[in-house]
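A.B. asks: Sharing a structure below in structure tokens format, with a few things to ask.
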Amino acid sequence: MPFQGANENQAEATTAPQDVSRESAATFEVLNKMREDILCCVLKPDQKLRFGELRQRYGTSVGTLREALSHLVSEGLARTEAGRGFQVAPVSLADFLDLSELRVYLETKTLADAIRHGTDAWEAEIVSSYFLLSKLAPPKADDPPQVKQEWAKRHKRYHDALVATCRSPWSLHFRSELFDQARRYHWLTMIHSRMHRRNEHLEIRDAVLARDVDRACSLLEEHIRTTVEQAVSDVPGLIHGNTRPLKLARRRKA
């Protein structure tokens, strides 16, 4: 008769990786949901992240939440202080300006290279992603999270499509990281802005499909900088060095 303890050890060794895999999958799912909620300002800048509320919202354990929050801290989307728990990372004009300057450099660099090496499939994805984005109106402050996140997904897909044939993996990686970091500022600007903007996405699309590198890069830079100007003008509380929570209610017209 085989030694029973050996079978038990073998069974434990067999199931342990599966348990780890399930835990990792659960953490990854919660992490993605929390990240999207932060980037779409469902979880607002400087908001305290209390475990009781988070457990109810995401239907998971404290251990999984703690691991997901640690990832968000490393990404700069959350912060923690000893004895004070976790908070959503603050926003400030200084941070947005820093992000935007780096984005101008990397977005135009990757776009120029993508245009030079673009393919028919690349053009088709740009047309398709623009079409899907154009079918949705920019979301409003009181829209449900699903509406905000669907628009954000289509918006990111369009901008990712523009640069997809860039040949520098590192440039694409850091460009994507900066794009995500800037999404909170895009959202705050969108819900507070009173400015009517041209269809800049369409103009960029047409310049890219025409393989006009200079015009496409110029339009993309203008697209980024105009958002900064809007934020400075219209987002309440977004001043240099400010870390106070921003009120996300729509501003009333004077």
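Chains: A, B, ... in order of the structure tokens. Residues: from 1 per chain. Ligands: from 1, in order shown.
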If we count only C-alpha atoms and set the cut-off at 8 Å, which residues sit around Leu178 of chain A, ignoring sequence neighbours fewer than 6 positions away in its own chain? Please answer as number ranges by chain.

C.D. replies: A: 99, 102-103

A.B. asks: Do a neighbour search on Arg79 of chain A at 8 Å with only C-alpha atoms, toss out local chain neighbours closer than 4 positions, and write the hits as a PyMOL selection string.

C.D. replies: chain A and resi 72-73+86-89

A.B. asks: Can you write just those residues out, N, CA and C atoms, as a PDB file, in the first residue's frame?

C.D. replies:
```pdb
ATOM      1  N   LEU A  72      -1.552  49.608  -7.422  1.00  0.00           N
ATOM      2  CA  LEU A  72      -1.972  50.961  -7.798  1.00  0.00           C
ATOM      3  C   LEU A  72      -1.039  52.021  -7.216  1.00  0.00           C
ATOM      4  N   VAL A  73      -0.513  51.765  -6.030  1.00  0.00           N
ATOM      5  CA  VAL A  73       0.476  52.684  -5.455  1.00  0.00           C
ATOM      6  C   VAL A  73       1.724  52.721  -6.317  1.00  0.00           C
ATOM      7  N   PHE A  86      -5.161  53.860   2.643  1.00  0.00           N
ATOM      8  CA  PHE A  86      -4.960  54.159   1.231  1.00  0.00           C
ATOM      9  C   PHE A  86      -5.878  55.296   0.777  1.00  0.00           C
ATOM     10  N   GLN A  87      -5.388  56.060  -0.206  1.00  0.00           N
ATOM     11  CA  GLN A  87      -6.174  57.117  -0.838  1.00  0.00           C
ATOM     12  C   GLN A  87      -5.909  57.098  -2.341  1.00  0.00           C
ATOM     13  N   VAL A  88      -6.890  57.572  -3.113  1.00  0.00           N
ATOM     14  CA  VAL A  88      -6.643  57.815  -4.530  1.00  0.00           C
ATOM     15  C   VAL A  88      -5.606  58.930  -4.638  1.00  0.00           C
ATOM     16  N   ALA A  89      -4.694  58.815  -5.569  1.00  0.00           N
ATOM     17  CA  ALA A  89      -3.654  59.833  -5.746  1.00  0.00           C
ATOM     18  C   ALA A  89      -4.282  61.184  -6.063  1.00  0.00           C
TER      19      ALA A  89
END
```

A.B. asks: Write out as CSV the residues of segment 57-147 of chain A that have any atom within 12 Å of an atom of segment 29-46 of chain A, one row each with the nearest atom pair and its distance in Å to one decimal, counting only C-alpha atoms, sorted by chain and then rising number.

C.D. replies:
```
residue,atom,partner,partner_atom,distance
A:Arg57,CA,A:Met34,CA,9.8
A:Tyr58,CA,A:Val30,CA,6.7
A:Gly59,CA,A:Val30,CA,8.9
A:Thr60,CA,A:Val30,CA,7.9
A:Ser61,CA,A:Val30,CA,10.1
A:Val62,CA,A:Val30,CA,11.3
A:Gly63,CA,A:Val30,CA,11.4
A:Thr64,CA,A:Val30,CA,7.7
A:Leu65,CA,A:Val30,CA,7.3
A:Arg66,CA,A:Leu31,CA,10.0
A:Glu67,CA,A:Leu31,CA,8.5
A:Ala68,CA,A:Leu31,CA,4.9
A:Leu69,CA,A:Leu31,CA,7.4
A:Ser70,CA,A:Leu31,CA,9.6
A:His71,CA,A:Leu31,CA,7.6
A:Leu72,CA,A:Arg35,CA,7.2
A:Val73,CA,A:Arg35,CA,10.7
A:Glu75,CA,A:Arg35,CA,9.6
A:Gly76,CA,A:Arg35,CA,10.7
A:Leu77,CA,A:Ile38,CA,7.3
A:Ala78,CA,A:Asp46,CA,8.5
A:Arg79,CA,A:Asp46,CA,9.0
A:Thr80,CA,A:Asp46,CA,10.9
A:Gly85,CA,A:Asp46,CA,11.9
A:Phe86,CA,A:Asp46,CA,9.4
A:Gln87,CA,A:Asp46,CA,5.6
A:Val88,CA,A:Asp46,CA,4.8
A:Ala89,CA,A:Asp46,CA,5.6
A:Pro90,CA,A:Pro45,CA,4.9
A:Val91,CA,A:Pro45,CA,6.3
A:Ser92,CA,A:Pro45,CA,9.8
A:Pro139,CA,A:Cys40,CA,10.3
A:Lys140,CA,A:Cys40,CA,11.2
A:Ala141,CA,A:Cys41,CA,9.4
A:Asp142,CA,A:Val42,CA,10.2
A:Asp143,CA,A:Val42,CA,10.3
A:Pro144,CA,A:Val42,CA,9.1
A:Pro145,CA,A:Val42,CA,6.8
A:Gln146,CA,A:Asp37,CA,9.8
A:Val147,CA,A:Cys40,CA,10.2
```

A.B. asks: Would you output that residue set with C-alpha atoms, as a PDB file, in the first residue's frame?

C.D. replies:
```pdb
ATOM      1  CA  ARG A  57     -18.075  47.403  -4.155  1.00  0.00           C
ATOM      2  CA  TYR A  58     -15.796  44.745  -5.647  1.00  0.00           C
ATOM      3  CA  GLY A  59     -17.024  41.662  -3.795  1.00  0.00           C
ATOM      4  CA  THR A  60     -13.611  40.408  -2.747  1.00  0.00           C
ATOM      5  CA  SER A  61     -11.366  39.837   0.269  1.00  0.00           C
ATOM      6  CA  VAL A  62      -9.221  42.325   2.167  1.00  0.00           C
ATOM      7  CA  GLY A  63      -6.096  40.406   1.096  1.00  0.00           C
ATOM      8  CA  THR A  64      -6.967  40.729  -2.598  1.00  0.00           C
ATOM      9  CA  LEU A  65      -7.786  44.425  -2.147  1.00  0.00           C
ATOM     10  CA  ARG A  66      -4.518  45.076  -0.334  1.00  0.00           C
ATOM     11  CA  GLU A  67      -2.533  43.441  -3.130  1.00  0.00           C
ATOM     12  CA  ALA A  68      -4.427  45.374  -5.817  1.00  0.00           C
ATOM     13  CA  LEU A  69      -3.931  48.643  -3.925  1.00  0.00           C
ATOM     14  CA  SER A  70      -0.196  47.976  -3.648  1.00  0.00           C
ATOM     15  CA  HIS A  71      -0.069  47.682  -7.450  1.00  0.00           C
ATOM     16  CA  LEU A  72      -1.972  50.961  -7.798  1.00  0.00           C
ATOM     17  CA  VAL A  73       0.476  52.684  -5.455  1.00  0.00           C
ATOM     18  CA  GLU A  75       1.568  52.881 -10.684  1.00  0.00           C
ATOM     19  CA  GLY A  76       1.110  56.278  -9.024  1.00  0.00           C
ATOM     20  CA  LEU A  77      -2.698  56.035  -8.988  1.00  0.00           C
ATOM     21  CA  ALA A  78      -3.011  55.546  -5.225  1.00  0.00           C
ATOM     22  CA  ARG A  79      -0.953  56.441  -2.199  1.00  0.00           C
ATOM     23  CA  THR A  80      -0.581  55.212   1.361  1.00  0.00           C
ATOM     24  CA  GLY A  85      -4.608  53.779   4.992  1.00  0.00           C
ATOM     25  CA  PHE A  86      -4.960  54.159   1.231  1.00  0.00           C
ATOM     26  CA  GLN A  87      -6.174  57.117  -0.838  1.00  0.00           C
ATOM     27  CA  VAL A  88      -6.643  57.815  -4.530  1.00  0.00           C
ATOM     28  CA  ALA A  89      -3.654  59.833  -5.746  1.00  0.00           C
ATOM     29  CA  PRO A  90      -4.228  63.604  -5.883  1.00  0.00           C
ATOM     30  CA  VAL A  91      -4.244  65.665  -9.050  1.00  0.00           C
ATOM     31  CA  SER A  92      -2.498  68.979  -9.635  1.00  0.00           C
ATOM     32  CA  PRO A 139     -20.016  61.008 -21.361  1.00  0.00           C
ATOM     33  CA  LYS A 140     -21.472  63.388 -18.782  1.00  0.00           C
ATOM     34  CA  ALA A 141     -20.661  63.596 -15.093  1.00  0.00           C
ATOM     35  CA  ASP A 142     -23.832  61.788 -14.025  1.00  0.00           C
ATOM     36  CA  ASP A 143     -23.556  58.956 -16.568  1.00  0.00           C
ATOM     37  CA  PRO A 144     -23.141  55.453 -15.064  1.00  0.00           C
ATOM     38  CA  PRO A 145     -19.608  54.050 -14.810  1.00  0.00           C
ATOM     39  CA  GLN A 146     -20.250  51.587 -17.651  1.00  0.00           C
ATOM     40  CA  VAL A 147     -20.947  54.450 -20.076  1.00  0.00           C
TER      41      VAL A 147
END
```

A.B. asks: Give the answer as one residue: which of A:Thr227, A:Leu136, A:Thr108, A:Leu220 has the shortest atom-to-atom distance to Arg197 of chain A, using only C-alpha atoms?

C.D. replies: A:Thr227

A.B. asks: Using only C-alpha atoms, pick whichever of A:Ala112, A:Val228, A:Leu49, A:Val104 has the shortest atom-to-atom distance to Val163 of chain A.

C.D. replies: A:Ala112

A.B. asks: Using only C-alpha atoms, pick whichever of A:Val127, A:Ala137, A:Ala231, A:Ile115 has the shortest atom-to-atom distance to Val208 of chain A.

C.D. replies: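 With only C-alpha atoms as the atom set, the closest residue is A:Ile115.
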
A.B. asks: Go through A:Trp122, A:Trp151, A:Phe51, A:Phe131 and flag the residue nearest Arg183 of chain A, using only C-alpha atoms for the distances.

C.D. replies: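 Of A:Trp122, A:Trp151, A:Phe51, A:Phe131, the one nearest Arg183 of chain A, counting only C-alpha atoms, is A:Trp151.
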
A.B. asks: What's around Glu101 of chain A at 12 Å? Count only C-alpha atoms, leave out sequence neighbours fewer than 6 positions away in its own chain, and write the answer as a PyMOL selection string.

C.D. replies: chain A and resi 94-95+107-108+175+178-179+182+221-222+224-225+228

A.B. asks: Write a file of the selected residues as a short mmCIF file (atom, residue, chain, number, x, y, z; two decimals), in the first residue's frame, keeping N, CA and C atoms.

C.D. replies:
```cif
data_model
loop_
_atom_site.label_atom_id
_atom_site.label_comp_id
_atom_site.auth_asym_id
_atom_site.auth_seq_id
_atom_site.Cartn_x
_atom_site.Cartn_y
_atom_site.Cartn_z
N ALA A 94 0.60 71.03 -11.77
CA ALA A 94 2.01 70.72 -12.00
C ALA A 94 2.17 69.31 -12.56
N ASP A 95 1.41 68.36 -12.01
CA ASP A 95 1.48 66.98 -12.49
C ASP A 95 0.96 66.88 -13.92
N GLU A 107 4.08 61.08 -28.02
CA GLU A 107 2.96 60.87 -28.95
C GLU A 107 3.37 61.26 -30.38
N THR A 108 4.03 62.40 -30.52
CA THR A 108 4.42 62.83 -31.86
C THR A 108 5.55 61.97 -32.42
N ARG A 175 4.64 55.61 -23.87
CA ARG A 175 3.55 56.43 -24.39
C ARG A 175 2.21 55.96 -23.84
N LEU A 178 1.85 56.92 -20.08
CA LEU A 178 1.54 58.33 -19.91
C LEU A 178 0.10 58.64 -20.32
N PHE A 179 -0.36 57.98 -21.37
CA PHE A 179 -1.74 58.17 -21.81
C PHE A 179 -2.70 57.80 -20.69
N ALA A 182 -2.76 60.28 -17.83
CA ALA A 182 -3.44 61.54 -18.18
C ALA A 182 -4.95 61.39 -18.27
N GLU A 221 -0.26 67.39 -31.27
CA GLU A 221 0.28 68.26 -30.22
C GLU A 221 -0.75 69.30 -29.80
N GLU A 222 -1.43 69.89 -30.76
CA GLU A 222 -2.47 70.87 -30.44
C GLU A 222 -3.59 70.22 -29.61
N ILE A 224 -3.37 67.77 -27.49
CA ILE A 224 -2.92 67.60 -26.10
C ILE A 224 -2.89 68.94 -25.38
N ARG A 225 -2.31 69.95 -26.02
CA ARG A 225 -2.14 71.25 -25.36
C ARG A 225 -3.47 71.96 -25.14
N VAL A 228 -4.94 70.82 -21.94
CA VAL A 228 -4.31 71.47 -20.79
C VAL A 228 -4.90 72.87 -20.59
#
```

A.B. asks: Please report, as a PyMOL selection string, each residue of segment 15-221 of chain A to which DSSP assigns alpha helix (DSSP H) when run on this structure's backbone.

C.D. replies: chain A and resi 15-39+51-58+62-74+93-116+120-134+145-162+169-192+200-209+213-221
